[in-house]
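J.: Sharing structure-v1.txt (compact mmCIF, C-alpha atoms) below.
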# COMPACT_ATOMS: atom_id res chain seq x y z
CA MET Y 1 19.39 94.05 140.71
CA ASP Y 2 21.46 97.04 141.81
CA GLY Y 3 24.63 95.27 140.69
CA ALA Y 4 23.16 94.58 137.26
CA ARG Y 5 22.01 98.19 136.96
CA ARG Y 6 25.48 99.45 137.86
CA GLY Y 7 27.01 97.05 135.35
CA TRP Y 8 24.80 98.29 132.52
CA ARG Y 9 25.44 101.91 133.49
CA ALA Y 10 29.19 101.25 133.28
CA CYS Y 11 28.74 99.39 129.98
CA VAL Y 12 26.80 102.29 128.42
CA LEU Y 13 29.32 104.85 129.72
CA GLY Y 14 32.15 102.80 128.23
CA GLY Y 15 30.22 102.75 124.95
CA ALA Y 16 29.85 106.54 125.08
CA VAL Y 17 33.63 106.93 125.49
CA PHE Y 18 34.10 104.57 122.52
CA ALA Y 19 31.69 106.64 120.40
CA VAL Y 20 33.44 109.92 121.23
CA CYS Y 21 36.80 108.58 120.09
CA MET Y 22 35.43 107.13 116.85
CA ALA Y 23 33.51 110.34 116.08
CA GLY Y 24 36.81 112.19 116.01
CA THR Y 25 38.10 109.97 113.20
CA THR Y 26 35.35 111.10 110.78
CA LEU Y 27 35.01 114.67 112.05
CA PRO Y 28 37.00 116.26 109.16
CA THR Y 29 34.95 114.58 106.41
CA PRO Y 30 32.55 117.45 105.49
CA LEU Y 31 35.39 119.96 105.93
CA TYR Y 32 37.70 118.70 103.17
CA PRO Y 33 36.25 121.08 100.54
CA LEU Y 34 36.97 123.98 102.93
CA TYR Y 35 40.54 122.79 103.41
CA GLN Y 36 40.91 122.46 99.63
CA GLY Y 37 39.78 126.05 99.23
CA LYS Y 38 42.10 127.24 102.00
CA PHE Y 39 45.26 125.35 101.01
CA GLY Y 40 44.60 124.77 97.29
CA PHE Y 41 45.36 121.04 97.08
CA SER Y 42 44.00 118.43 94.64
CA GLU Y 43 41.52 115.59 95.10
CA LEU Y 44 44.46 113.16 95.18
CA THR Y 45 45.78 114.97 98.25
CA VAL Y 46 42.39 114.63 99.93
CA THR Y 47 42.48 110.87 99.45
CA VAL Y 48 46.07 110.63 100.75
CA VAL Y 49 45.15 112.69 103.83
CA TYR Y 50 42.21 110.38 104.42
CA ALA Y 51 44.19 107.16 103.82
CA LEU Y 52 46.82 108.05 106.42
CA TYR Y 53 44.16 107.25 109.02
CA ALA Y 54 43.93 103.65 107.79
CA PHE Y 55 47.71 103.24 107.80
CA GLY Y 56 47.75 104.38 111.43
CA VAL Y 57 45.06 101.85 112.38
CA ILE Y 58 46.86 98.99 110.61
CA GLY Y 59 50.17 99.87 112.25
CA VAL Y 60 48.68 99.84 115.74
CA LEU Y 61 46.77 96.59 115.13
CA LEU Y 62 49.95 94.83 114.02
CA LEU Y 63 52.36 96.32 116.58
CA VAL Y 64 50.40 96.77 119.82
CA GLY Y 65 46.89 95.52 119.06
CA ASN Y 66 47.03 93.18 122.09
CA ALA Y 67 48.48 95.74 124.52
CA SER Y 68 45.29 96.10 126.57
CA ASP Y 69 45.33 92.37 127.37
CA ALA Y 70 48.62 92.95 129.19
CA VAL Y 71 48.62 96.44 130.69
CA GLY Y 72 44.86 96.83 131.14
CA ARG Y 73 42.00 98.41 129.19
CA ARG Y 74 41.94 101.83 130.86
CA PRO Y 75 45.62 102.79 130.29
CA VAL Y 76 45.33 101.92 126.58
CA LEU Y 77 42.03 103.78 126.19
CA LEU Y 78 43.40 106.84 128.01
CA CYS Y 79 46.34 106.79 125.61
CA GLY Y 80 43.86 106.58 122.73
CA LEU Y 81 41.98 109.61 124.04
CA GLY Y 82 45.29 111.48 124.34
CA LEU Y 83 46.04 110.74 120.67
CA ALA Y 84 42.51 111.84 119.72
CA ALA Y 85 43.08 115.15 121.55
CA ALA Y 86 46.46 115.58 119.81
CA SER Y 87 44.74 114.99 116.46
CA ALA Y 88 42.17 117.71 117.19
CA VAL Y 89 44.96 120.11 118.17
CA CYS Y 90 46.71 119.45 114.84
CA PHE Y 91 43.56 120.40 112.93
CA LEU Y 92 43.12 123.49 115.09
CA CYS Y 93 46.70 124.56 114.34
CA ALA Y 94 46.54 123.66 110.64
CA THR Y 95 48.38 126.21 108.51
CA GLY Y 96 49.34 123.73 105.80
CA LEU Y 97 49.13 120.14 104.64
CA GLY Y 98 51.64 118.85 107.19
CA TRP Y 99 49.22 119.53 110.04
CA LEU Y 100 46.43 117.64 108.23
CA TYR Y 101 48.72 114.66 107.62
CA ALA Y 102 49.73 114.60 111.29
CA GLY Y 103 46.13 114.98 112.46
CA ARG Y 104 44.88 112.07 110.37
CA LEU Y 105 47.76 109.81 111.36
CA LEU Y 106 47.21 110.51 115.06
CA SER Y 107 43.50 109.86 114.56
CA GLY Y 108 44.31 106.47 113.03
CA LEU Y 109 46.61 105.58 115.93
CA SER Y 110 43.81 106.51 118.34
CA ALA Y 111 41.24 104.38 116.49
CA GLY Y 112 43.69 101.48 116.31
CA LEU Y 113 44.06 101.47 120.09
CA PHE Y 114 40.30 101.74 120.62
CA THR Y 115 39.09 99.19 118.05
CA GLY Y 116 39.95 96.08 120.03
CA ALA Y 117 40.42 97.41 123.55
CA ALA Y 118 37.16 99.38 123.74
CA THR Y 119 35.11 96.53 122.25
CA ALA Y 120 36.49 94.13 124.85
CA TYR Y 121 36.07 96.70 127.64
CA VAL Y 122 32.43 97.42 126.88
CA MET Y 123 31.61 93.70 126.86
CA GLU Y 124 33.55 93.07 130.08
CA LEU Y 125 31.78 95.90 131.92
CA ALA Y 126 28.35 94.36 131.25
CA PRO Y 127 26.82 92.14 133.96
CA ASP Y 128 26.82 88.34 133.62
CA GLY Y 129 24.49 87.05 130.93
CA GLY Y 130 24.49 90.32 129.00
CA ALA Y 131 26.91 89.39 126.20
CA SER Y 132 24.36 89.90 123.42
CA ARG Y 133 23.24 93.33 124.63
CA ALA Y 134 26.84 94.35 125.31
CA THR Y 135 27.74 93.42 121.72
CA PHE Y 136 24.95 95.72 120.56
CA VAL Y 137 26.33 98.54 122.73
CA ALA Y 138 29.84 98.06 121.30
CA THR Y 139 28.57 97.89 117.71
CA ALA Y 140 26.35 100.93 118.10
CA ALA Y 141 29.15 102.88 119.78
CA ASN Y 142 31.67 102.05 117.05
CA MET Y 143 29.59 102.62 113.91
CA GLY Y 144 27.30 105.18 115.53
CA GLY Y 145 30.30 107.22 116.64
CA LEU Y 146 31.72 107.10 113.11
CA GLY Y 147 28.38 108.38 111.83
CA CYS Y 148 28.06 111.14 114.43
CA GLY Y 149 31.45 112.65 113.52
CA PRO Y 150 30.56 114.03 110.06
CA LEU Y 151 27.03 114.88 111.22
CA LEU Y 152 28.35 117.01 114.10
CA SER Y 153 31.05 118.79 112.11
CA GLY Y 154 28.71 119.37 109.16
CA LEU Y 155 26.09 121.00 111.36
CA LEU Y 156 28.64 123.18 113.16
CA ALA Y 157 30.42 124.15 109.93
CA GLN Y 158 27.14 125.13 108.27
CA TYR Y 159 25.25 126.85 111.06
CA ALA Y 160 27.92 128.18 113.46
CA ASP Y 161 30.96 130.41 113.22
CA TRP Y 162 34.57 129.22 112.76
CA PRO Y 163 33.76 126.09 110.67
CA LEU Y 164 37.37 124.83 110.68
CA TYR Y 165 37.81 125.32 114.41
CA LEU Y 166 34.56 124.86 116.36
CA PRO Y 167 34.11 121.12 115.49
CA PHE Y 168 37.55 120.31 116.91
CA VAL Y 169 37.10 122.50 120.00
CA THR Y 170 33.84 120.65 120.63
CA HIS Y 171 35.58 117.32 120.22
CA LEU Y 172 38.32 118.32 122.66
CA VAL Y 173 35.64 119.09 125.26
CA LEU Y 174 34.03 115.70 124.62
CA VAL Y 175 37.40 113.94 124.88
CA ALA Y 176 38.11 115.66 128.21
CA GLY Y 177 34.71 114.55 129.51
CA SER Y 178 35.35 111.01 128.25
CA ALA Y 179 38.68 110.88 130.09
CA ALA Y 180 36.93 111.92 133.31
CA VAL Y 181 34.32 109.18 132.81
CA LEU Y 182 36.97 106.57 132.02
CA LEU Y 183 38.88 107.35 135.21
CA ARG Y 184 35.74 106.55 137.23
CA LEU Y 185 35.15 103.19 135.53
CA ALA Y 186 36.66 99.96 136.86
CA GLU Y 187 39.57 98.15 135.27
CA THR Y 188 38.50 94.74 133.94
CA VAL Y 189 41.90 93.10 133.37
CA ARG Y 190 42.75 91.36 136.64
CA GLU Y 191 46.27 90.09 135.92
CA ARG Y 192 48.20 93.00 134.45
CA LYS Y 193 51.69 92.71 132.97
CA PRO Y 194 54.41 95.23 132.06
CA LEU Y 195 54.27 96.93 128.68
CA SER Y 196 57.57 95.21 127.83
CA THR Y 197 55.68 91.91 127.52
CA VAL Y 198 53.65 93.19 124.54
CA ARG Y 199 54.88 91.81 121.23
CA PRO Y 200 53.88 92.66 117.64
CA GLN Y 201 51.13 90.45 116.25
CA ARG Y 202 51.92 88.70 113.02
CA PRO Y 203 49.04 88.05 110.60
CA ALA Y 204 47.99 84.41 110.87
CA LEU Y 205 45.97 82.23 108.51
CA PRO Y 206 45.80 78.53 109.52
CA PRO Y 207 44.98 76.09 106.68
CA GLN Y 208 41.50 75.28 108.01
CA VAL Y 209 40.50 78.96 107.89
CA ARG Y 210 41.59 79.74 104.33
CA ALA Y 211 38.46 78.54 102.53
CA VAL Y 212 36.28 80.72 104.80
CA PHE Y 213 38.73 83.60 104.91
CA ALA Y 214 38.98 84.20 101.14
CA PRO Y 215 35.40 85.40 100.49
CA ALA Y 216 35.27 87.06 103.91
CA ALA Y 217 38.38 89.12 103.17
CA ILE Y 218 37.14 90.11 99.70
CA ALA Y 219 33.76 91.25 101.01
CA SER Y 220 35.37 93.13 103.92
CA PHE Y 221 37.84 94.85 101.60
CA ALA Y 222 35.06 95.97 99.23
CA GLY Y 223 32.72 97.08 102.02
CA PHE Y 224 35.35 99.20 103.73
CA ALA Y 225 36.46 100.57 100.34
CA LEU Y 226 32.89 101.79 99.74
CA PHE Y 227 32.99 103.57 103.11
CA GLY Y 228 36.41 104.99 102.26
CA VAL Y 229 35.16 106.57 99.05
CA PHE Y 230 32.03 107.90 100.75
CA THR Y 231 33.96 109.57 103.53
CA SER Y 232 36.80 110.96 101.42
CA VAL Y 233 35.36 112.16 98.11
CA SER Y 234 31.57 112.32 98.48
CA PRO Y 235 31.61 115.92 99.86
CA GLU Y 236 33.57 117.02 96.78
CA PHE Y 237 31.18 115.13 94.48
CA LEU Y 238 28.16 116.72 96.14
CA ALA Y 239 29.69 120.18 95.76
CA GLU Y 240 31.13 119.75 92.26
CA SER Y 241 28.47 117.69 90.48
CA LEU Y 242 25.28 118.30 92.47
CA HIS Y 243 26.09 121.87 93.58
CA VAL Y 244 25.30 120.95 97.19
CA ASP Y 245 27.43 123.32 99.26
CA ASN Y 246 25.59 122.68 102.53
CA HIS Y 247 28.12 121.03 104.86
CA ALA Y 248 25.36 119.64 107.06
CA VAL Y 249 23.88 117.78 104.09
CA SER Y 250 27.23 116.28 103.05
CA GLY Y 251 27.85 115.24 106.67
CA LEU Y 252 24.41 113.65 106.88
CA VAL Y 253 24.94 111.62 103.70
CA VAL Y 254 28.15 110.14 105.10
CA ALA Y 255 26.52 109.56 108.50
CA LEU Y 256 23.67 107.63 106.87
CA ALA Y 257 26.11 105.04 105.54
CA PHE Y 258 27.50 104.36 109.03
CA PHE Y 259 24.07 104.31 110.67
CA ALA Y 260 22.85 101.88 107.99
CA SER Y 261 25.86 99.67 108.67
CA THR Y 262 24.86 99.55 112.35
CA ALA Y 263 21.38 98.43 111.31
CA GLY Y 264 22.86 95.79 109.01
CA GLN Y 265 25.04 94.39 111.80
CA LEU Y 266 22.08 94.21 114.16
CA ALA Y 267 20.05 92.38 111.49
CA VAL Y 268 22.53 89.48 111.50
CA GLY Y 269 20.85 88.10 114.64
CA PRO Y 270 17.41 87.42 113.11
CA ILE Y 271 18.80 86.68 109.62
CA GLY Y 272 21.50 84.27 110.73
CA VAL Y 273 25.24 84.25 110.11
CA ARG Y 274 25.17 81.84 107.14
CA ARG Y 275 22.78 84.04 105.18
CA SER Y 276 24.17 87.40 106.24
CA LEU Y 277 27.36 87.22 104.14
CA PRO Y 278 25.68 86.45 100.77
CA LEU Y 279 22.91 88.95 101.53
CA GLY Y 280 25.56 91.49 102.47
CA CYS Y 281 27.34 90.93 99.16
CA ALA Y 282 24.02 91.50 97.37
CA GLY Y 283 23.53 94.72 99.32
CA LEU Y 284 27.04 95.90 98.46
CA LEU Y 285 26.43 95.22 94.76
CA ALA Y 286 23.15 97.13 94.90
CA GLY Y 287 24.84 100.01 96.74
CA LEU Y 288 27.62 100.14 94.12
CA ALA Y 289 25.05 100.12 91.30
CA LEU Y 290 23.15 102.99 92.93
CA LEU Y 291 26.39 104.93 93.38
CA ALA Y 292 27.21 104.39 89.70
CA GLY Y 293 23.79 105.77 88.79
CA ALA Y 294 24.33 108.76 91.06
CA LEU Y 295 27.67 109.53 89.39
CA ARG Y 296 26.30 109.01 85.89
CA TRP Y 297 23.10 111.03 86.20
CA ASP Y 298 24.01 113.40 89.08
CA LEU Y 299 21.04 112.41 91.25
CA MET Y 300 21.03 113.20 94.96
CA SER Y 301 18.35 110.60 95.65
CA LEU Y 302 20.62 107.83 94.33
CA VAL Y 303 23.49 109.06 96.52
CA VAL Y 304 21.27 108.72 99.60
CA LEU Y 305 19.97 105.31 98.53
CA SER Y 306 23.52 104.15 97.86
CA ALA Y 307 24.56 105.17 101.36
CA LEU Y 308 21.61 103.33 102.92
CA VAL Y 309 21.68 100.15 100.82
CA GLY Y 310 25.47 99.90 100.67
CA GLY Y 311 25.72 100.61 104.40
CA VAL Y 312 23.27 97.82 105.29
CA GLY Y 313 25.14 95.48 102.93
CA GLN Y 314 28.47 96.38 104.51
CA GLY Y 315 27.09 95.78 108.01
CA LEU Y 316 25.60 92.40 107.10
CA ALA Y 317 28.72 91.29 105.25
CA PHE Y 318 31.22 92.42 107.86
CA ARG Y 319 29.51 90.96 110.90
CA GLY Y 320 28.88 87.79 108.91
CA THR Y 321 32.55 87.55 107.90
CA LEU Y 322 33.69 88.22 111.45
CA SER Y 323 31.45 85.47 112.82
CA GLU Y 324 32.44 82.92 110.16
CA VAL Y 325 36.16 83.61 110.44
CA ALA Y 326 36.07 83.51 114.26
CA GLY Y 327 34.09 80.27 114.21
CA ALA Y 328 36.51 78.56 111.82
CA SER Y 329 39.66 79.68 113.66
CA PRO Y 330 41.47 77.56 116.27
CA GLU Y 331 40.95 79.11 119.68
CA HIS Y 332 44.65 79.77 120.28
CA GLN Y 333 44.97 81.62 116.95
CA ARG Y 334 41.58 83.35 116.82
CA ALA Y 335 42.81 86.81 117.83
CA ALA Y 336 45.60 86.74 115.25
CA VAL Y 337 43.21 85.64 112.48
CA ILE Y 338 40.70 88.37 113.35
CA SER Y 339 43.51 90.94 113.36
CA THR Y 340 44.45 89.75 109.87
CA LEU Y 341 40.86 90.31 108.72
CA PHE Y 342 40.90 93.84 110.15
CA VAL Y 343 44.18 94.57 108.37
CA VAL Y 344 42.58 93.55 105.05
CA ALA Y 345 39.47 95.61 105.83
CA TYR Y 346 41.44 98.77 106.63
CA ALA Y 347 43.58 98.25 103.53
CA GLY Y 348 40.24 98.57 101.70
CA ILE Y 349 39.77 102.01 103.21
CA SER Y 350 43.14 103.27 102.00
CA VAL Y 351 44.37 101.65 98.77
CA PRO Y 352 41.26 102.05 96.52
CA VAL Y 353 40.68 105.59 97.83
CA ILE Y 354 44.17 106.65 96.74
CA GLY Y 355 43.48 104.99 93.38
CA VAL Y 356 40.38 107.15 92.96
CA GLY Y 357 42.46 110.22 93.76
CA LEU Y 358 45.08 109.26 91.17
CA LEU Y 359 42.44 108.84 88.46
CA THR Y 360 40.51 112.02 89.25
CA ASP Y 361 42.87 114.39 87.46
CA PRO Y 362 43.12 112.50 84.12
CA ILE Y 363 39.52 111.25 83.80
CA GLY Y 364 37.54 113.33 86.31
CA LEU Y 365 35.76 112.43 89.55
CA GLU Y 366 32.87 110.71 87.75
CA GLY Y 367 35.18 108.53 85.64
CA ALA Y 368 37.36 107.65 88.62
CA GLY Y 369 34.29 106.73 90.63
CA LEU Y 370 32.96 104.48 87.89
CA VAL Y 371 36.31 102.67 87.56
CA PHE Y 372 36.33 102.14 91.32
CA ILE Y 373 32.75 100.81 91.25
CA ALA Y 374 33.55 98.38 88.43
CA CYS Y 375 36.58 96.99 90.32
CA MET Y 376 34.67 96.61 93.58
CA ALA Y 377 31.71 94.99 91.77
CA VAL Y 378 34.06 92.36 90.34
CA LEU Y 379 35.47 91.66 93.80
CA VAL Y 380 32.06 91.39 95.45
CA SER Y 381 30.72 89.21 92.64
CA THR Y 382 33.72 86.90 93.01
CA ALA Y 383 33.04 86.56 96.72
CA ALA Y 384 29.32 85.95 96.11
CA VAL Y 385 29.97 83.25 93.49
CA TYR Y 386 32.41 81.51 95.81
CA LEU Y 387 29.89 81.61 98.66
CA VAL Y 388 27.30 79.92 96.45
CA ARG Y 389 29.65 77.30 95.02
CA ARG Y 390 32.05 76.58 97.90
CA PRO Y 391 32.01 72.99 99.16
CA ALA Y 392 30.03 72.10 102.23
CA GLY Y 393 33.22 71.43 104.16
CA ALA Y 394 34.15 75.08 103.83
CA ARG Y 395 30.93 76.27 105.45
CA VAL Y 396 30.74 77.05 109.14
Please express the file's structure as structure tokens.

T.:
Amino acid sequence: MDGARRGWRACVLGGAVFAVCMAGTTLPTPLYPLYQGKFGFSELTVTVVYALYAFGVIGVLLLVGNASDAVGRRPVLLCGLGLAAASAVCFLCATGLGWLYAGRLLSGLSAGLFTGAATAYVMELAPDGGASRATFVATAANMGGLGCGPLLSGLLAQYADWPLYLPFVTHLVLVAGSAAVLLRLAETVRERKPLSTVRPQRPALPPQVRAVFAPAAIASFAGFALFGVFTSVSPEFLAESLHVDNHAVSGLVVALAFFASTAGQLAVGPIGVRRSLPLGCAGLLAGLALLAGALRWDLMSLVVLSALVGGVGQGLAFRGTLSEVAGASPEHQRAAVISTLFVVAYAGISVPVIGVGLLTDPIGLEGAGLVFIACMAVLVSTAAVYLVRRPAGARV
């Protein structure tokens, strides 16, 4: 009993470290309007600053995504915390756009190291027989941490002094505490190898996975794109169109999407994997429709509903896609296939967001948002139609 209790304590502490790192990646979200006012850059620049994070994640996943399997979980996670601290320092020192670019890129590198290593670490720290609960801890830490970032910075920016500094000082303190916790936790990789043995991972897509992968990738791309738009341009939309200048409110709206995604992922258990992906696509379509209504009629209630419904849809769809793709993959290629899915998902965070930024100047934020919604609705509908009509042999 004592061993199980110690195992769960270590599992929860590992999840807390995971959450702290992921919170840092979304910390600047409610602050972008303040940076725009300070440095005078356009909405396109906001989206480029945001998208650099995704490029950092993709680069790490492809180059050293399997590093923790060789050198151990703790060294990789400590490196990730160091990059998270460096990112916070860049934002604290920001006197121009270069610092913001560097801060976001370092944040992406940090998240890329944590995404796979921390998930594996949290599950390995749990006692025997606790895989399901450990998966919940890892999921809640990942998406919950992403949601806590904008909520924390929004509250501090609105109700405390030094709005562009205090959130990052707070995060540095949390990172330091996380490093101290991590140093007290056990290493779970028993046979460790030199860093020189780590090789870049090439995207892999075996023939038997392709029928499952196509709709999974489309739904993942669209779901992450919805999150990308929410976290990059929603604060500007709230301020410009709805005259909501409260940073805590804009942070809460973004946080709701991530918290709803956590709920959607947890709902996959009772709903079942086979139904979660089509239901997730339906939720994404409903979330996109609500977001279109919010842009068209400038209604705060529709923004909130879009975050909740779209977030649940994203959570259902993504965990469903992950389960289907993993189940269809040959065991010796499973990690490479999952990495390929994550690369597609994080491309969804970056590419459409930059497209919205490019369209904002000529047709306005509302027009750019509606074009984005139309494109994502086509993608999600394509995935949903395929899921309904695909042959039985393509089902897991």

J.: In terms of the shortest atom-to-atom distance over all atoms listed in the file, which of Y:Gly98, Y:Pro127, Y:Gly37, Y:Gly223 is closest to Gly348 in chain Y?

T.: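 Between Y:Gly98, Y:Pro127, Y:Gly37, Y:Gly223, the residue approaching Gly348 in chain Y most closely is Y:Gly223.
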
J.: What is the CA of Thr47 in chain Y to CA of Leu252 in chain Y distance in Å?

T.: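 These atoms are spaced 19.7 Å apart.
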
J.: When you look at Leu305 in chain Y with a cut-off of 10 Å (counting only C-alpha atoms), what residues show up, excluding the ones that are within fewer than 5 positions of it in the same chain? I need them as a count of residues only.

T.: 11

J.: Kindly indicate which residue among Y:Ala260, Y:Leu62, Y:Met22, Y:Ala120 lies nearest to Val189 in chain Y, using only C-alpha atoms for the distances.

T.: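 Result for the nearest residue to Val189 in chain Y: Y:Ala120.
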
J.: Smallest atom-to-atom distance to Phe224 in chain Y: which of Y:Ala239, Y:Val353, Y:Ala85, Y:Val304, using all atoms listed in the file?

T.: Y:Val353

J.: Enter the distance from CA of Asn142 in chain Y to CA of Leu195 in chain Y, in Å, rounded to one decimal.

T.: 25.9 Å

J.: So which residues fall inside 10 Å of (31.9, 108.0, 135.1) if we count all atoms listed in the file? Mind giving them as a VMD selection string?

T.: chain Y and resid 9 to 10 13 to 14 17 177 to 186

J.: I'd like to know which of Y:Val49, Y:Met143, Y:Leu299, Y:Val378 is closest to His243 in chain Y, using only C-alpha atoms.

T.: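 Smallest distance to His243 in chain Y is found for Y:Leu299.
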
J.: Using CA of Val198 in chain Y and CA of Arg334 in chain Y as the two end points, give the distance in Å to one decimal.

T.: 17.4 Å

J.: If we count only C-alpha atoms, what is near Arg199 in chain Y at a cut-off of 10 Å, once residues fewer than 2 positions away on the same chain are taken out, given as an mmCIF file with C-alpha atoms, in the coordinates of the input?

T.:
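Just written: part-v4.cif:
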data_model
loop_
_atom_site.group_PDB
_atom_site.id
_atom_site.type_symbol
_atom_site.label_atom_id
_atom_site.label_comp_id
_atom_site.auth_asym_id
_atom_site.auth_seq_id
_atom_site.Cartn_x
_atom_site.Cartn_y
_atom_site.Cartn_z
ATOM 1 C CA LEU Y 62 49.950 94.830 114.020
ATOM 2 C CA LEU Y 63 52.360 96.320 116.580
ATOM 3 C CA VAL Y 64 50.400 96.770 119.820
ATOM 4 C CA GLY Y 65 46.890 95.520 119.060
ATOM 5 C CA ASN Y 66 47.030 93.180 122.090
ATOM 6 C CA ALA Y 67 48.480 95.740 124.520
ATOM 7 C CA LEU Y 195 54.270 96.930 128.680
ATOM 8 C CA SER Y 196 57.570 95.210 127.830
ATOM 9 C CA THR Y 197 55.680 91.910 127.520
ATOM 10 C CA GLN Y 201 51.130 90.450 116.250
ATOM 11 C CA ARG Y 202 51.920 88.700 113.020
#

J.: Show me, as a short mmCIF file (atom, residue, chain, number, x, y, z; two decimals) with C-alpha atoms, in the coordinates of the input, the residues that have an atom within 8 Å of Leu146 in chain Y when counting only C-alpha atoms, minus same-chain residues fewer than 3 positions from it.

T.:
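Result saved to part.cif:
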data_model
loop_
_atom_site.label_atom_id
_atom_site.label_comp_id
_atom_site.auth_asym_id
_atom_site.auth_seq_id
_atom_site.Cartn_x
_atom_site.Cartn_y
_atom_site.Cartn_z
CA ALA Y 19 31.69 106.64 120.40
CA MET Y 22 35.43 107.13 116.85
CA ALA Y 23 33.51 110.34 116.08
CA GLY Y 24 36.81 112.19 116.01
CA THR Y 25 38.10 109.97 113.20
CA THR Y 26 35.35 111.10 110.78
CA ASN Y 142 31.67 102.05 117.05
CA MET Y 143 29.59 102.62 113.91
CA GLY Y 149 31.45 112.65 113.52
CA PRO Y 150 30.56 114.03 110.06
CA ALA Y 255 26.52 109.56 108.50
CA PHE Y 258 27.50 104.36 109.03
#

J.: Y:Asn246, Y:Gln333, Y:Ser241, Y:Ser261: which is nearest Asp298 in chain Y, counting only C-alpha atoms?

T.: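 Using only C-alpha atoms, the shortest distance to Asp298 in chain Y belongs to Y:Ser241.
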
J.: Neighbourhood query: residues within 6 Å of (19.5, 98.3, 107.4), file coordinates, counting all atoms listed in the file; return as a PDB file with C-alpha atoms, keeping the file's coordinate frame.

T.:
ATOM      1  CA  ALA Y 260      22.850 101.880 107.990  1.00  0.00           C
ATOM      2  CA  ALA Y 263      21.380  98.430 111.310  1.00  0.00           C
ATOM      3  CA  GLY Y 264      22.860  95.790 109.010  1.00  0.00           C
ATOM      4  CA  VAL Y 312      23.270  97.820 105.290  1.00  0.00           C
TER       5      VAL Y 312
END

J.: Please identify all polymer residues within 10 Å of Val233 in chain Y, counting all atoms listed in the file, omitting same-chain residues fewer than 6 positions from it, and present them as a list in words.

T.: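 Everything that qualifies: Thr29, Pro30, Tyr32, Pro33, Glu43, Leu44, Val46, Thr47, Tyr50, Val353, Val356, Gly357, Leu365 and Gly369 of chain Y.
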
J.: From the options Y:Thr95, Y:Pro330, Y:Gly129, Y:Gly315, which residue's atoms come nearest to Tyr35 in chain Y, counting only C-alpha atoms?

T.: Y:Thr95

J.: Taking 4 positions as the minimum chain separation for residues in the same chain, which residues sit within 8 Å of Val254 in chain Y when counting only C-alpha atoms? Answer as a PDB file with C-alpha atoms, in the coordinates of the input.

T.:
ATOM      1  CA  GLY Y 147      28.380 108.380 111.830  1.00  0.00           C
ATOM      2  CA  PRO Y 150      30.560 114.030 110.060  1.00  0.00           C
ATOM      3  CA  LEU Y 151      27.030 114.880 111.220  1.00  0.00           C
ATOM      4  CA  PHE Y 230      32.030 107.900 100.750  1.00  0.00           C
ATOM      5  CA  THR Y 231      33.960 109.570 103.530  1.00  0.00           C
ATOM      6  CA  SER Y 234      31.570 112.320  98.480  1.00  0.00           C
ATOM      7  CA  SER Y 250      27.230 116.280 103.050  1.00  0.00           C
ATOM      8  CA  PHE Y 258      27.500 104.360 109.030  1.00  0.00           C
ATOM      9  CA  ALA Y 307      24.560 105.170 101.360  1.00  0.00           C
TER      10      ALA Y 307
END
